[in-house]
$ cat coords27.cif   # mmCIF, C-alpha atoms
data_structure
#
loop_
_atom_site.label_atom_id
_atom_site.label_comp_id
_atom_site.auth_asym_id
_atom_site.auth_seq_id
_atom_site.Cartn_x
_atom_site.Cartn_y
_atom_site.Cartn_z
CA MET A 351 19.99 -9.77 -29.23
CA TYR A 352 17.48 -10.71 -26.54
CA ASP A 353 13.74 -10.90 -26.88
CA ALA A 354 13.34 -9.11 -23.54
CA ILE A 355 15.56 -7.37 -21.01
CA VAL A 356 13.92 -7.18 -17.58
CA VAL A 357 15.36 -4.60 -15.19
CA GLY A 358 14.63 -5.52 -11.56
CA ALA A 359 14.69 -9.10 -10.30
CA ARG A 360 12.33 -9.13 -7.33
CA CYS A 361 8.66 -10.13 -7.09
CA ALA A 362 7.59 -8.53 -10.40
CA GLY A 363 10.71 -8.89 -12.52
CA SER A 364 11.76 -12.47 -11.83
CA PRO A 365 8.27 -13.93 -12.51
CA THR A 366 7.96 -11.88 -15.71
CA ALA A 367 11.34 -13.11 -16.91
CA MET A 368 10.59 -16.70 -15.85
CA LEU A 369 7.22 -16.79 -17.61
CA LEU A 370 8.65 -15.33 -20.82
CA ALA A 371 11.47 -17.87 -20.79
CA ARG A 372 9.01 -20.69 -20.21
CA LYS A 373 7.21 -19.49 -23.35
CA GLY A 374 10.45 -19.89 -25.30
CA HIS A 375 11.78 -16.33 -25.34
CA ARG A 376 15.40 -15.31 -24.75
CA VAL A 377 15.49 -13.13 -21.64
CA LEU A 378 18.13 -11.14 -19.76
CA LEU A 379 17.33 -10.28 -16.12
CA LEU A 380 19.28 -7.48 -14.42
CA ASP A 381 19.37 -6.16 -10.87
CA LYS A 382 21.68 -3.77 -9.03
CA ALA A 383 21.36 -5.92 -5.88
CA SER A 384 22.67 -9.38 -5.15
CA PHE A 385 20.52 -12.21 -3.84
CA PRO A 386 19.48 -13.20 -1.24
CA SER A 387 18.94 -9.67 0.06
CA ASP A 388 16.18 -7.85 1.93
CA THR A 389 14.02 -4.97 0.77
CA LEU A 390 11.38 -2.74 2.33
CA SER A 391 8.20 -4.80 2.16
CA ALA A 392 5.06 -5.90 3.99
CA HIS A 393 5.83 -9.30 2.37
CA TYR A 394 2.37 -10.85 2.79
CA ILE A 395 0.97 -12.88 -0.12
CA HIS A 396 -2.81 -13.20 -0.35
CA GLN A 397 -4.46 -16.38 -1.60
CA PRO A 398 -4.56 -15.33 -5.29
CA GLY A 399 -0.80 -14.73 -5.18
CA VAL A 400 -0.20 -18.04 -3.43
CA ALA A 401 -2.30 -19.73 -6.12
CA LYS A 402 0.09 -18.36 -8.73
CA LEU A 403 3.11 -19.68 -6.82
CA HIS A 404 1.37 -23.07 -6.81
CA ARG A 405 0.66 -22.87 -10.54
CA TRP A 406 4.29 -21.92 -11.22
CA GLY A 407 5.54 -24.88 -9.18
CA LEU A 408 7.17 -22.71 -6.50
CA LEU A 409 4.83 -22.95 -3.50
CA ASP A 410 6.53 -26.06 -2.14
CA GLN A 411 9.76 -24.11 -1.80
CA VAL A 412 8.02 -21.38 0.22
CA VAL A 413 6.49 -24.05 2.46
CA ALA A 414 9.87 -25.80 2.82
CA SER A 415 11.40 -22.53 4.05
CA GLY A 416 9.39 -22.92 7.24
CA CYS A 417 7.07 -20.02 6.51
CA PRO A 418 3.77 -20.90 8.24
CA PRO A 419 0.48 -20.99 6.32
CA ILE A 420 -2.05 -18.38 7.46
CA GLU A 421 -5.72 -19.26 6.99
CA GLY A 422 -7.40 -17.13 9.65
CA GLN A 423 -7.68 -13.38 9.98
CA VAL A 424 -8.75 -11.18 12.87
CA PHE A 425 -10.09 -7.66 12.33
CA ASP A 426 -10.23 -6.09 15.79
CA VAL A 427 -12.28 -2.89 15.89
CA GLY A 428 -11.85 -2.28 19.63
CA PRO A 429 -15.07 -3.30 21.39
CA PHE A 430 -15.04 -6.64 19.51
CA ALA A 431 -13.14 -8.52 16.83
CA LEU A 432 -14.25 -10.12 13.59
CA SER A 433 -12.75 -13.52 12.83
CA GLY A 434 -12.86 -15.43 9.58
CA SER A 435 -11.00 -16.81 6.62
CA PRO A 436 -11.13 -15.31 3.13
CA PRO A 437 -12.67 -17.63 0.54
CA PRO A 438 -10.04 -19.64 -1.34
CA ALA A 439 -8.48 -18.79 -4.68
CA ASP A 440 -8.23 -21.76 -7.07
CA GLY A 441 -8.45 -24.07 -4.07
CA ILE A 442 -5.74 -22.23 -2.10
CA THR A 443 -6.98 -21.41 1.40
CA ALA A 444 -3.82 -20.03 3.02
CA GLY A 445 -1.81 -16.87 2.71
CA TYR A 446 1.93 -16.70 3.49
CA ALA A 447 4.29 -13.97 4.67
CA PRO A 448 7.76 -15.18 3.62
CA ARG A 449 10.79 -13.00 4.22
CA ARG A 450 11.95 -11.29 1.06
CA THR A 451 15.42 -12.78 1.49
CA ILE A 452 13.74 -16.15 0.93
CA LEU A 453 10.95 -15.34 -1.56
CA ASP A 454 13.02 -13.24 -3.95
CA LYS A 455 15.77 -15.88 -4.14
CA ILE A 456 13.19 -18.55 -4.92
CA LEU A 457 11.79 -16.40 -7.73
CA LEU A 458 15.25 -15.51 -9.10
CA ASP A 459 16.38 -19.13 -9.11
CA ALA A 460 13.15 -20.13 -10.87
CA ALA A 461 13.89 -17.59 -13.59
CA SER A 462 17.41 -18.93 -13.97
CA ASP A 463 16.13 -22.52 -14.07
CA ALA A 464 13.75 -21.48 -16.87
CA GLY A 465 16.73 -20.38 -18.96
CA VAL A 466 16.87 -16.67 -18.11
CA GLU A 467 20.34 -15.12 -18.12
CA VAL A 468 20.72 -13.39 -14.73
CA ARG A 469 23.19 -10.64 -13.93
CA GLU A 470 23.35 -9.31 -10.38
CA HIS A 471 25.20 -6.15 -9.32
CA PHE A 472 24.28 -4.58 -12.67
CA ALA A 473 23.28 -0.90 -12.73
CA VAL A 474 21.38 0.39 -15.76
CA GLU A 475 22.54 3.92 -16.66
CA GLU A 476 20.74 4.72 -19.90
CA LEU A 477 18.55 3.33 -22.63
CA VAL A 478 19.57 2.54 -26.18
CA THR A 479 17.06 4.24 -28.46
CA ASP A 480 16.27 4.86 -32.10
CA GLY A 481 14.09 7.94 -31.99
CA GLU A 482 11.27 7.08 -29.57
CA LEU A 483 11.86 3.34 -29.90
CA VAL A 484 13.70 1.72 -26.97
CA LYS A 485 16.10 -0.91 -28.28
CA GLY A 486 18.16 -1.85 -25.23
CA ILE A 487 20.15 -0.66 -22.23
CA ARG A 488 23.62 0.50 -21.26
CA GLY A 489 24.90 -0.13 -17.78
CA ARG A 490 27.77 -1.20 -15.61
CA SER A 491 28.49 -4.70 -14.44
CA GLN A 492 29.90 -5.56 -11.04
CA GLY A 493 33.43 -4.90 -12.28
CA GLY A 494 32.50 -1.43 -13.50
CA ASN A 495 32.68 -2.24 -17.20
CA LEU A 496 30.22 -0.40 -19.46
CA VAL A 497 27.98 -2.92 -21.19
CA GLN A 498 25.37 -2.49 -23.92
CA GLU A 499 22.64 -5.05 -24.61
CA GLU A 500 19.76 -4.89 -27.07
CA ALA A 501 16.30 -6.46 -27.02
CA ARG A 502 12.90 -6.30 -28.67
CA ILE A 503 11.47 -4.93 -25.40
CA VAL A 504 12.88 -3.53 -22.15
CA VAL A 505 10.74 -4.17 -19.07
CA GLY A 506 11.06 -1.94 -16.02
CA ALA A 507 10.38 -3.98 -12.89
CA ASP A 508 12.52 -1.73 -10.75
CA GLY A 509 10.05 -0.48 -8.19
CA ILE A 510 8.31 2.73 -7.17
CA ARG A 511 11.29 4.92 -8.15
CA SER A 512 11.75 3.07 -11.43
CA VAL A 513 14.76 4.21 -13.43
CA ILE A 514 13.16 2.84 -16.59
CA ALA A 515 9.91 4.76 -15.97
CA ARG A 516 11.90 7.96 -15.46
CA MET A 517 13.99 7.43 -18.60
CA VAL A 518 10.96 6.88 -20.83
CA GLY A 519 8.92 9.61 -19.14
CA ALA A 520 6.01 7.30 -18.33
CA PRO A 521 2.96 9.47 -17.50
CA THR A 522 1.20 8.98 -14.16
CA TYR A 523 -2.53 9.11 -13.45
CA HIS A 524 -5.04 8.34 -10.67
CA GLU A 525 -2.54 9.75 -8.20
CA HIS A 526 -3.21 9.79 -4.44
CA PRO A 527 -0.81 11.68 -2.16
CA ALA A 528 0.70 9.86 0.78
CA SER A 529 -1.70 9.95 3.73
CA SER A 530 0.10 7.62 6.15
CA CYS A 531 3.58 6.46 7.09
CA ALA A 532 4.70 3.13 8.52
CA TYR A 533 7.40 1.33 10.46
CA TYR A 534 7.72 -2.40 11.03
CA THR A 535 9.96 -4.86 12.80
CA TYR A 536 10.08 -8.49 13.93
CA PHE A 537 9.58 -10.10 17.33
CA SER A 538 10.48 -13.53 18.61
CA ASP A 539 8.33 -15.49 21.06
CA VAL A 540 5.16 -13.61 20.12
CA PRO A 541 2.53 -16.24 19.19
CA MET A 542 0.64 -15.24 16.06
CA PRO A 543 -1.48 -17.97 14.39
CA ALA A 544 -3.38 -15.53 12.14
CA VAL A 545 -3.09 -12.18 10.44
CA GLU A 546 -4.36 -9.60 12.91
CA LEU A 547 -5.48 -6.08 12.00
CA TYR A 548 -6.17 -3.41 14.61
CA PRO A 549 -7.67 -0.13 13.39
CA ARG A 550 -7.30 2.44 16.16
CA PRO A 551 -7.67 6.25 16.24
CA GLU A 552 -5.13 7.57 13.70
CA ARG A 553 -3.33 4.22 13.81
CA MET A 554 -3.44 0.85 12.15
CA LEU A 555 -1.52 -2.17 13.44
CA VAL A 556 -1.02 -5.29 11.31
CA THR A 557 0.67 -8.50 12.42
CA ALA A 558 1.59 -11.75 10.67
CA PRO A 559 3.81 -14.78 11.38
CA THR A 560 6.82 -15.24 9.12
CA ASN A 561 9.96 -17.37 8.85
CA ASP A 562 12.16 -18.49 11.76
CA GLY A 563 9.33 -18.30 14.27
CA LEU A 564 9.22 -14.50 14.02
CA THR A 565 6.19 -12.22 13.98
CA MET A 566 6.14 -9.11 11.84
CA ILE A 567 4.32 -6.09 13.30
CA ILE A 568 3.62 -2.97 11.24
CA VAL A 569 2.28 0.30 12.62
CA TYR A 570 0.74 3.03 10.45
CA TRP A 571 0.44 6.67 11.51
CA PRO A 572 -0.83 9.75 9.63
CA GLU A 573 1.80 10.94 7.18
CA THR A 574 2.04 14.25 9.06
CA ALA A 575 3.33 12.34 12.12
CA PHE A 576 6.38 10.99 10.29
CA PRO A 577 8.94 13.49 11.70
CA GLN A 578 7.75 12.80 15.24
CA VAL A 579 7.80 9.03 14.71
CA ARG A 580 11.23 9.12 13.08
CA ASP A 581 12.66 10.99 16.08
CA ASP A 582 11.52 8.26 18.51
CA ILE A 583 10.68 5.18 16.48
CA GLU A 584 10.72 2.62 19.27
CA GLY A 585 8.79 4.84 21.69
CA GLU A 586 6.08 5.73 19.16
CA PHE A 587 5.91 2.13 17.98
CA MET A 588 5.40 0.74 21.48
CA ARG A 589 2.89 3.44 22.38
CA ALA A 590 0.86 2.31 19.36
CA VAL A 591 1.15 -1.34 20.43
CA GLU A 592 -0.10 -0.39 23.91
CA MET A 593 -3.35 0.74 22.27
CA VAL A 594 -4.12 -2.99 21.93
CA PRO A 595 -3.63 -4.48 25.43
CA SER A 596 -3.90 -8.11 24.31
CA LEU A 597 -1.21 -7.57 21.67
CA ALA A 598 0.97 -5.51 24.01
CA GLU A 599 0.97 -8.33 26.55
CA ARG A 600 2.26 -10.79 23.95
CA VAL A 601 4.87 -8.34 22.67
CA ARG A 602 6.19 -7.63 26.17
CA ALA A 603 6.61 -11.37 26.73
CA GLY A 604 8.74 -11.62 23.57
CA SER A 605 11.74 -9.69 22.30
CA ARG A 606 12.48 -7.52 19.29
CA ALA A 607 14.65 -9.47 16.87
CA GLU A 608 15.58 -6.86 14.25
CA LYS A 609 15.85 -3.14 13.58
CA PHE A 610 12.90 -0.96 12.61
CA ARG A 611 12.27 -0.29 8.93
CA GLY A 612 9.90 2.35 7.60
CA THR A 613 9.03 5.11 5.21
CA ALA A 614 6.61 7.94 4.50
CA ASP A 615 6.82 7.46 0.72
CA LEU A 616 3.46 5.70 0.49
CA GLY A 617 1.47 7.56 -2.13
CA GLY A 618 -0.52 5.86 -4.84
CA PHE A 619 -0.33 6.17 -8.62
CA PHE A 620 -0.71 4.41 -11.93
CA ARG A 621 1.87 4.83 -14.66
CA GLN A 622 1.21 4.23 -18.32
CA PRO A 623 2.90 0.83 -18.44
CA TYR A 624 4.03 0.61 -22.05
CA GLY A 625 5.39 2.50 -25.02
CA PRO A 626 7.59 1.88 -28.09
CA GLY A 627 9.95 -0.89 -27.04
CA TRP A 628 9.28 -0.71 -23.28
CA ALA A 629 6.88 -1.84 -20.57
CA LEU A 630 6.50 -1.51 -16.79
CA VAL A 631 5.38 -4.09 -14.24
CA GLY A 632 4.91 -4.24 -10.47
CA ASP A 633 5.41 -1.10 -8.41
CA ALA A 634 7.13 0.51 -11.40
CA GLY A 635 3.76 0.65 -13.13
CA TYR A 636 1.27 0.80 -10.28
CA HIS A 637 1.86 1.58 -6.61
CA LYS A 638 -0.38 1.88 -3.56
CA ASN A 639 -0.06 2.15 0.21
CA PRO A 640 0.96 -1.25 1.67
CA ILE A 641 -1.79 -1.15 4.32
CA THR A 642 -3.68 -3.86 2.42
CA ALA A 643 -0.46 -5.83 1.70
CA LEU A 644 -1.34 -6.26 -1.97
CA GLY A 645 2.02 -5.45 -3.55
CA ILE A 646 3.36 -8.97 -4.09
CA THR A 647 -0.01 -10.45 -5.04
CA ASP A 648 -0.53 -7.67 -7.59
CA ALA A 649 3.01 -8.06 -8.92
CA PHE A 650 2.43 -11.76 -9.57
CA ARG A 651 -0.82 -11.08 -11.41
CA ASP A 652 0.71 -8.32 -13.52
CA ALA A 653 3.74 -10.47 -14.35
CA GLU A 654 1.40 -13.03 -15.87
CA LEU A 655 -0.59 -10.38 -17.72
CA LEU A 656 2.52 -8.73 -19.15
CA ALA A 657 4.24 -11.99 -20.09
CA ASP A 658 1.09 -13.10 -21.92
CA ALA A 659 0.84 -9.73 -23.72
CA ILE A 660 4.48 -9.79 -24.82
CA ASP A 661 4.12 -13.38 -26.01
CA GLU A 662 0.99 -12.46 -27.99
CA ALA A 663 2.93 -9.65 -29.64
CA PHE A 664 6.10 -11.62 -30.36
CA THR A 665 4.22 -14.60 -31.81
CA GLY A 666 2.14 -12.35 -34.06
CA ARG A 667 -1.22 -13.11 -32.50
CA LEU A 668 -1.75 -9.41 -31.76
CA ALA A 669 -0.10 -6.18 -32.78
CA THR A 670 2.35 -5.10 -30.08
CA ALA A 671 0.48 -1.89 -29.26
CA ASP A 672 -2.83 -3.76 -28.99
CA ALA A 673 -1.35 -6.49 -26.78
CA LEU A 674 0.24 -3.99 -24.39
CA ALA A 675 -2.85 -1.79 -24.32
CA GLY A 676 -4.79 -4.90 -23.34
CA TYR A 677 -2.30 -5.51 -20.53
CA GLU A 678 -2.91 -2.01 -19.15
CA GLN A 679 -6.68 -2.38 -19.43
CA LYS A 680 -6.73 -5.77 -17.67
CA ARG A 681 -4.43 -4.51 -14.93
CA ASN A 682 -6.54 -1.44 -14.26
CA GLU A 683 -9.83 -3.34 -14.27
CA ALA A 684 -8.41 -5.85 -11.79
CA VAL A 685 -7.04 -3.34 -9.31
CA MET A 686 -9.24 -0.25 -9.36
CA PRO A 687 -11.76 -1.18 -6.60
CA LEU A 688 -8.98 -2.41 -4.30
CA TYR A 689 -6.87 0.63 -5.11
CA GLN A 690 -9.65 2.92 -3.92
CA MET A 691 -10.25 0.81 -0.81
CA THR A 692 -6.52 0.92 -0.04
CA CYS A 693 -6.37 4.69 -0.42
CA ASP A 694 -9.38 5.06 1.89
CA LEU A 695 -7.92 2.78 4.57
CA ALA A 696 -4.59 4.59 4.40
CA LYS A 697 -6.27 7.81 5.54
CA LEU A 698 -6.70 6.20 8.99
CA GLU A 699 -10.06 7.90 9.40
CA PRO A 700 -12.81 6.60 11.71
CA PRO A 701 -15.21 4.26 9.90
CA PRO A 702 -18.48 5.92 8.81
CA PRO A 703 -21.76 4.92 10.55
CA GLU A 704 -22.77 2.49 7.82
CA MET A 705 -19.45 0.64 8.20
CA LEU A 706 -19.91 0.46 11.97
CA SER A 707 -23.35 -1.06 11.38
CA LEU A 708 -21.77 -3.61 9.07
CA PHE A 709 -19.11 -4.54 11.63
CA ALA A 710 -21.77 -5.01 14.29
CA ALA A 711 -23.75 -7.30 11.99
CA LEU A 712 -20.63 -9.31 11.14
CA ARG A 713 -19.67 -9.81 14.78
CA ASP A 714 -21.19 -13.29 15.08
CA ASN A 715 -21.20 -14.14 11.38
CA ARG A 716 -17.91 -15.91 10.67
CA LYS A 717 -18.80 -16.76 7.06
CA GLU A 718 -19.61 -13.18 6.05
CA SER A 719 -16.68 -11.90 8.13
CA GLY A 720 -14.48 -14.12 5.98
CA ARG A 721 -16.06 -12.74 2.82
CA PHE A 722 -15.44 -9.20 4.11
CA MET A 723 -11.77 -10.12 4.56
CA GLY A 724 -11.88 -11.63 1.10
CA THR A 725 -12.58 -8.19 -0.35
CA ILE A 726 -9.04 -7.21 0.67
CA ALA A 727 -7.53 -10.56 -0.26
CA GLY A 728 -9.04 -10.26 -3.73
CA THR A 729 -11.16 -13.41 -3.51
CA VAL A 730 -14.49 -11.57 -3.15
CA PRO A 731 -15.34 -8.75 -5.60
CA ILE A 732 -15.78 -5.48 -3.72
CA PRO A 733 -18.85 -4.35 -5.73
CA GLU A 734 -20.49 -7.71 -5.02
CA PHE A 735 -19.91 -7.67 -1.27
CA PHE A 736 -20.80 -4.01 -0.77
CA SER A 737 -23.84 -4.08 -3.02
CA PRO A 738 -26.97 -2.61 -1.36
CA GLU A 739 -28.73 -5.97 -1.50
CA ASN A 740 -25.87 -7.83 0.20
CA MET A 741 -25.52 -5.11 2.85
CA ARG A 742 -29.26 -5.34 3.63
CA GLN A 743 -29.06 -9.11 3.98
CA ILE A 744 -26.07 -8.98 6.32
CA ILE A 745 -27.37 -6.19 8.52
CA SER A 746 -30.85 -7.73 8.73
CA GLY A 747 -29.34 -11.10 9.62
CA ARG A 748 -31.08 -12.93 6.77
#
$ encode --input "coords27.cif" --output "structure tokens"
Amino acid sequence: MYDAIVVGARCAGSPTAMLLARKGHRVLLLDKASFPSDTLSAHYIHQPGVAKLHRWGLLDQVVASGCPPIEGQVFDVGPFALSGSPPPADGITAGYAPRRTILDKILLDAASDAGVEVREHFAVEELVTDGELVKGIRGRSQGGNLVQEEARIVVGADGIRSVIARMVGAPTYHEHPASSCAYYTYFSDVPMPAVELYPRPERMLVTAPTNDGLTMIIVYWPETAFPQVRDDIEGEFMRAVEMVPSLAERVRAGSRAEKFRGTADLGGFFRQPYGPGWALVGDAGYHKNPITALGITDAFRDAELLADAIDEAFTGRLATADALAGYEQKRNEAVMPLYQMTCDLAKLEPPPPEMLSLFAALRDNRKESGRFMGTIAGTVPIPEFFSPENMRQIISGR
């Protein structure tokens, strides 16, 4: 009998399992994949997420992988570009964009080192229940044997198409339909010292340096363009890159290092993240378009919130329902402003006049440009930055 079974061992599941084990709980961590392995991901970690890696004692391993620190950001609006650095989070000034083959293995090994029992190549097929109460899982191990395990709680950390969420019928709310699609790939010999964002008509391009001297470039198109893009991925991708001459010049001087990866399944939603004997974390419980690259950072935060809630319940400090309801409330309060900003950006619509006025005022204001970028990074509260008083001060130059 385990205290917790966590299904899904990537950037939400492994930290949840690790943190529970560090609190003294007996945890089983399952994943249908083996590690290291890749997965569809923007794989950027904002400063608050990096601060959690530091607190967990794992940042040094990310740094040792050769993944470069990223302190500067460029937001190029066409006629000019804003440059700045988001304010730090708990003293952490840099973001990182590690490959998922590297990051997920670091997180999985940390869970194992904390005492978590890890089983790879394990496919969950059904839940063990007693009425509405989830008591465990049944699934098949790598050899195909049917296995049943029981626990006080089963945590679904198995992504946007969560099997656990489907099995428990977790309700969704605050849904936003997909409004954009994306493809990304990696280039060698393309210098990229900062994160660069290029909003263009019905396009968004995002670049970041990653491991092995590679640069990741993502292009977003309207969701309705997905069939056209899918039929000529490289052509449509390069035509988008050519919309930014300075970037196109660097890309032409380099070479594509890997295949294109992409999807149109980029809608947003919240799921009720708990019920009798079960909980959800990461994209299983809350998903949004990756245009703001918040997935990993949010997953780390929610892993901490859920692990704390489960520990409060299991140690008797709070009733289980109250602890898990608190987890949902804290998650929603933390993400709602950024969720709305992400949904708005994903529409790829031209900025309204007031936003153009803001960009013009930020042009030569590196400090406030950094704070603007901090609204996406999560180090500057959106209501604070976009308050009428702050907008007046920036635009007036005071």
$ closest_residue --input "coords27.cif" --among "A:Val484, A:Ala460, A:Ala507, A:Leu698" --to "Ala532 (chain A)" --atoms "all atoms listed in the file"
A:Leu698
$ resolve_selection --input "coords27.cif" --expression "the PyMOL selection byres ((chain A and resi 636) around 9)" --output "PyMOL selection string"
chain A and resi 510+618-623+630-635+637-638
$ closest_residue --input "coords27.cif" --among "A:Phe650, A:Tyr689, A:Phe664, A:Tyr548" --to "Gly428 (chain A)" --atoms "only C-alpha atoms"
A:Tyr548
$ resolve_selection --input "coords27.cif" --expression "the PyMOL selection byres ((chain A and resi 607) around 7)" --output "PyMOL selection string"
chain A and resi 536-538+605-606+608
$ resolve_selection --input "coords27.cif" --expression "the PyMOL selection byres ((chain A and resi 714) around 12)" --output "JSON, numbers by chain"
{"A": [430, 431, 432, 433, 434, 708, 709, 710, 711, 712, 713, 715, 716, 717, 718, 719, 720, 744, 745, 747]}
$ closest_residue --input "coords27.cif" --among "A:Val594, A:Leu668, A:Leu688, A:Ala473" --to "Pro733 (chain A)" --atoms "all atoms listed in the file"
A:Leu688
$ atom_distance --input "coords27.cif" --atom1 "CA of Ile420 (chain A)" --atom2 "CA of Tyr446 (chain A)"
5.9 Å
$ atom_distance --input "coords27.cif" --atom1 "CA of Ser387 (chain A)" --atom2 "CA of Tyr352 (chain A)"
26.7 Å
$ atom_distance --input "coords27.cif" --atom1 "CA of Arg405 (chain A)" --atom2 "CA of Ala663 (chain A)"
23.3 Å
$ closest_residue --input "coords27.cif" --among "A:Ala401, A:Val357, A:Met566, A:Ile442" --to "Leu379 (chain A)" --atoms "all atoms listed in the file"
A:Val357
$ closest_residue --input "coords27.cif" --among "A:Ala603, A:Leu695, A:Ala673, A:Ala362" --to "Glu552 (chain A)" --atoms "all atoms listed in the file"
A:Leu695
$ closest_residue --input "coords27.cif" --among "A:Ala558, A:Leu408, A:Met542, A:Leu496" --to "Ala392 (chain A)" --atoms "all atoms listed in the file"
A:Ala558
$ residues_around --input "coords27.cif" --residues "Gln679 (chain A)" --least-positions-apart "5" --cutoff "12 Å" --atoms "all atoms listed in the file" --output "PyMOL selection string"
chain A and resi 620+622-624+652+655-656+659+672-674+684-686
$ residues_around --input "coords27.cif" --residues "Ile456 (chain A)" --least-positions-apart "6" --cutoff "12 Å" --atoms "only C-alpha atoms" --output "ChimeraX atom specification"
/A:359-361,364-365,368,385-387,403,406-415,448-450,462-463
$ residues_around --input "coords27.cif" --residues "Thr535 (chain A)" --least-positions-apart "5" --cutoff "12 Å" --atoms "all atoms listed in the file" --output "list in words"
Leu390, Ser391, Ala392, Arg449, Leu555, Val556, Thr557, Ala558, Pro559, Thr560, Leu564, Thr565, Met566, Ile567, Ile568, Val569, Ile583, Glu584, Phe587, Met588, Val601, Ser605, Arg606, Ala607, Glu608, Lys609, Phe610, Arg611 and Gly612 of chain A
$ build_atoms --input "coords27.cif" --residues "region 461-476 of chain A" --atoms "N, CA and C atoms" --output "CSV table (one decimal), in the frame of the given file"
chain,number,residue,atom,x,y,z
A,461,ALA,N,13.6,-18.2,-12.3
A,461,ALA,CA,13.9,-17.6,-13.6
A,461,ALA,C,15.1,-18.2,-14.2
A,462,SER,N,16.2,-18.3,-13.4
A,462,SER,CA,17.4,-18.9,-14.0
A,462,SER,C,17.2,-20.4,-14.5
A,463,ASP,N,16.4,-21.1,-13.7
A,463,ASP,CA,16.1,-22.5,-14.1
A,463,ASP,C,15.3,-22.6,-15.4
A,464,ALA,N,14.5,-21.5,-15.6
A,464,ALA,CA,13.8,-21.5,-16.9
A,464,ALA,C,14.6,-21.1,-18.1
A,465,GLY,N,15.8,-20.7,-17.9
A,465,GLY,CA,16.7,-20.4,-19.0
A,465,GLY,C,17.0,-18.9,-19.1
A,466,VAL,N,16.6,-18.1,-18.1
A,466,VAL,CA,16.9,-16.7,-18.1
A,466,VAL,C,18.3,-16.4,-17.8
A,467,GLU,N,19.0,-15.5,-18.5
A,467,GLU,CA,20.3,-15.1,-18.1
A,467,GLU,C,20.2,-14.0,-17.0
A,468,VAL,N,20.8,-14.3,-15.9
A,468,VAL,CA,20.7,-13.4,-14.7
A,468,VAL,C,22.1,-12.7,-14.5
A,469,ARG,N,22.0,-11.4,-14.3
A,469,ARG,CA,23.2,-10.6,-13.9
A,469,ARG,C,22.9,-9.8,-12.7
A,470,GLU,N,23.5,-10.1,-11.6
A,470,GLU,CA,23.4,-9.3,-10.4
A,470,GLU,C,24.4,-8.2,-10.4
A,471,HIS,N,24.3,-7.3,-9.4
A,471,HIS,CA,25.2,-6.2,-9.3
A,471,HIS,C,25.3,-5.4,-10.7
A,472,PHE,N,24.2,-5.3,-11.4
A,472,PHE,CA,24.3,-4.6,-12.7
A,472,PHE,C,23.4,-3.3,-12.6
A,473,ALA,N,24.0,-2.2,-12.8
A,473,ALA,CA,23.3,-0.9,-12.7
A,473,ALA,C,23.0,-0.3,-14.1
A,474,VAL,N,21.7,-0.2,-14.5
A,474,VAL,CA,21.4,0.4,-15.8
A,474,VAL,C,21.5,1.9,-15.7
A,475,GLU,N,22.3,2.5,-16.7
A,475,GLU,CA,22.5,3.9,-16.7
A,475,GLU,C,21.8,4.7,-17.7
A,476,GLU,N,21.5,4.0,-18.8
A,476,GLU,CA,20.7,4.7,-19.9
A,476,GLU,C,20.1,3.7,-20.8
